[in-house]
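Participant: Below you will find the structure I want to go over with you.
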Protein chains: 2
Amino acid sequence: MNAISTYTTILETSYRLFAEHGFDKTSMTMIAKEVGLSKPALYYHFSSKEAIIQTLFEELCKSIGFSSFFRIEAYTKDNFEETFIADGLQIIHKQQTDMYYSRILNQYQALGYRDPAYSLKLVQILEGFTAGFAELLAHGVSIGAIAALDVLTKAQMLTMIIDSMDNFMSYGLTYSYENIWTTAVKSLIKGDPA
Amino acid sequence: MNAISTYTTILETSYRLFAEHGFDKTSMTMIAKEVGLSKPALYYHFSSKEAIIQTLFEELCKSIGFSSFFRIEAYTKDNFEETFIADGLQIIHKQQTDMYYSRILNQYQALGYRDPAYSLKLVQILEGFTAGFAELLAHGVSIGAIAALDVLTKAQMLTMIIDSMDNFMSYGLTYSYENIWTTAVKSLIKGDPA
DNA sequence: GTCTATACGAGGATAGAC
DNA sequence: GTCTATCCTCGTATAGAC
């Protein structure tokens, strides 16, 4: 038994190859060679290529929900804006540590066009962000930190900014994402409390 | 000679099949069958599958630049906000008339990860939007329609909203995109002129 | 411009031994 | 758990006739 199991090595290697070459252009032969196994040994661990793709998807989904980044109970009237900004910056930093993340996500999105199992889950994550932002903004209103105006629309816009920053980063665009997020939050949640 | 040439029919059919099944899962056999041709006849018009993909990409790029939607010379102090909103809504409406558009774009983005020819052009289009918005906002400042604050960052945010709305629409999410765009523009360009 | 027939390679997956 | 050898299918692409 290795310290790092074959199973885990296969997943990590597949993740990288899928990001570099895409699902379709990454063959089981490539994965086996890169891991240092024969194809049948690979099939011993995963019954099909689709099984690898699904397993990776489940792992991915575990770590990218709204509540992994934003903790509503920490928001007070005094720290509201700065905490909002800081929590969002966590997402940016996480993505900057995994160059492959958005490429992989892009491919699951494409898969979702043909297999609702993927799109349903991805939509659920996006809607989780919108619902989370809406709840957070509503919380901000209730504690008197911000004005109650267009809460749902603003939540949707924040979700879009997060979604799109990910996209831009995957293109290699070197924008000042920290600055964009900070400006977005300030633009959207400013205004005197009602 | 048909009124609609074989060449055009191939492109239109390919566009639809690529959107429905993806580039890789759409074979030349499928395209030939759907068009009503044999495979060699198909290869007579396009020397390879890649050639079809490239031709479609060039056609696509022609119609999605910033200047196809925003006409800076029409912006005055009095109509600035409403024209800004109206021009952006054109993009939303255009995308709503072509369900396949964002699916196809998603795939060219994925291709771009491996072939810079695609990503360079796509990045160019995105940067065209950011530059266009920045120019438009600067114009707004110069004619006294809006305040001069964070012009570049705001231009980037607007590009992101456009980019992400496209993405959300492709998921089938039925948000009120008109409302989001309107709120985005109002949130970002409001403020008294300097 | 379009066809029938076919070459050729690669990919997913399995049989059966160790 | 891992191997060698192999099967089958399907993909791109071409040869050569009409």
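Here's how to read the names in the structure tokens: chain A, B, ... by the order shown, residue numbers from 1 in each chain, ligand numbers from 1 in the order shown.
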Taking only C-alpha atoms (C1' of nucleotides) into account and nothing else, which residues of chain C lie no more than 10 Å away from chain A? Please answer as a list in words.
Facilitator: DA10, DG11, DG12, DA13 and DT14 of chain C
Participant: Taking only residues of chain A that have an atom at most 8 Å from an atom of chain B, what is each one's shortest atom pair and its distance in Å to one decimal, using only C-alpha atoms, in chain and number order, as a Markdown table?
Facilitator:
| residue | atom | partner | partner_atom | distance |
| --- | --- | --- | --- | --- |
| A:Glu20 | CA | B:Arg114 | CA | 7.3 |
| A:His21 | CA | B:Arg114 | CA | 6.8 |
| A:Gly22 | CA | B:Ala110 | CA | 7.7 |
| A:Asp24 | CA | B:Asp24 | CA | 6.6 |
| A:Arg103 | CA | B:Ala110 | CA | 7.2 |
| A:Asn106 | CA | B:Ala110 | CA | 7.0 |
| A:Gln107 | CA | B:Ala110 | CA | 7.2 |
| A:Ala110 | CA | B:Asn106 | CA | 7.0 |
| A:Tyr113 | CA | B:Glu20 | CA | 7.4 |
| A:Arg114 | CA | B:His21 | CA | 6.8 |
| A:Ser119 | CA | B:Tyr171 | CA | 7.1 |
| A:Val123 | CA | B:Tyr171 | CA | 7.1 |
| A:Thr153 | CA | B:Ile180 | CA | 5.8 |
| A:Lys154 | CA | B:Ile180 | CA | 7.7 |
| A:Gln156 | CA | B:Ile180 | CA | 7.5 |
| A:Met157 | CA | B:Ile180 | CA | 6.7 |
| A:Met160 | CA | B:Ser164 | CA | 5.4 |
| A:Ile161 | CA | B:Met160 | CA | 6.0 |
| A:Asp163 | CA | B:Ser164 | CA | 6.5 |
| A:Ser164 | CA | B:Met160 | CA | 5.4 |
| A:Met165 | CA | B:Met160 | CA | 7.1 |
| A:Tyr171 | CA | B:Val123 | CA | 7.1 |
| A:Leu173 | CA | B:Val123 | CA | 7.8 |
| A:Asn179 | CA | B:Thr153 | CA | 7.3 |
| A:Ile180 | CA | B:Thr153 | CA | 5.8 |
| A:Thr183 | CA | B:Thr153 | CA | 7.4 |
| A:Ala184 | CA | B:Met157 | CA | 7.4 |
| A:Ser187 | CA | B:Ser187 | CA | 6.3 |
| A:Leu188 | CA | B:Ser187 | CA | 6.5 |
Participant: Within 12 Å of chain D, which residues of chain A show up when using only C-alpha atoms (C1' of nucleotides), listed as a ChimeraX atom specification?
Facilitator: /A:1,5-7,32,36-45
Participant: For atom CA of B:Glu82 and atom CA of B:Ser68, quote the distance in Å rounded to one decimal.
Facilitator: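 Interatomic distance, atom CA of B:Glu82 to atom CA of B:Ser68: 17.7 Å.
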Participant: List the spatial neighbours of B:Ile52 as a list in words - criterion: any atom at most 9 Å away, only C-alpha atoms (C1' of nucleotides), same-chain residues fewer than 5 positions off excluded.
Facilitator: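 Here the qualifying residues turn out to be Ile10, Leu11, Ser14, Phe46, Ser47 and Phe57 of chain B.
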Participant: Restricted to N, CA and C atoms, what would the selected residues look like written as a CSV table (one decimal), in the first residue's frame?
Facilitator:
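What landed in part10.csv:
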chain,number,residue,atom,x,y,z
B,10,ILE,N,-24.4,23.3,-44.7
B,10,ILE,CA,-23.4,22.5,-43.9
B,10,ILE,C,-23.1,23.3,-42.7
B,11,LEU,N,-22.8,24.6,-42.9
B,11,LEU,CA,-22.4,25.5,-41.7
B,11,LEU,C,-23.6,25.6,-40.7
B,14,SER,N,-24.1,22.2,-39.0
B,14,SER,CA,-23.0,22.0,-38.0
B,14,SER,C,-23.1,22.8,-36.8
B,46,PHE,N,-15.6,21.0,-47.1
B,46,PHE,CA,-14.6,21.3,-46.0
B,46,PHE,C,-13.6,20.2,-45.8
B,47,SER,N,-12.4,20.6,-45.8
B,47,SER,CA,-11.3,19.6,-45.9
B,47,SER,C,-11.1,18.9,-44.6
B,57,PHE,N,-16.3,29.8,-36.3
B,57,PHE,CA,-15.7,30.7,-35.3
B,57,PHE,C,-15.5,32.1,-35.9
Participant: Could you jot down the atom CA of B:Gly65 to atom CA of A:Ile91 separation for me, Å, one decimal place?
Facilitator: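 Interatomic distance here is 29.5 Å.
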Participant: Please report the interatomic distance between atom CA of B:Gln54 and atom CA of A:Asp166 in Å with one decimal.
Facilitator: 25.8 Å
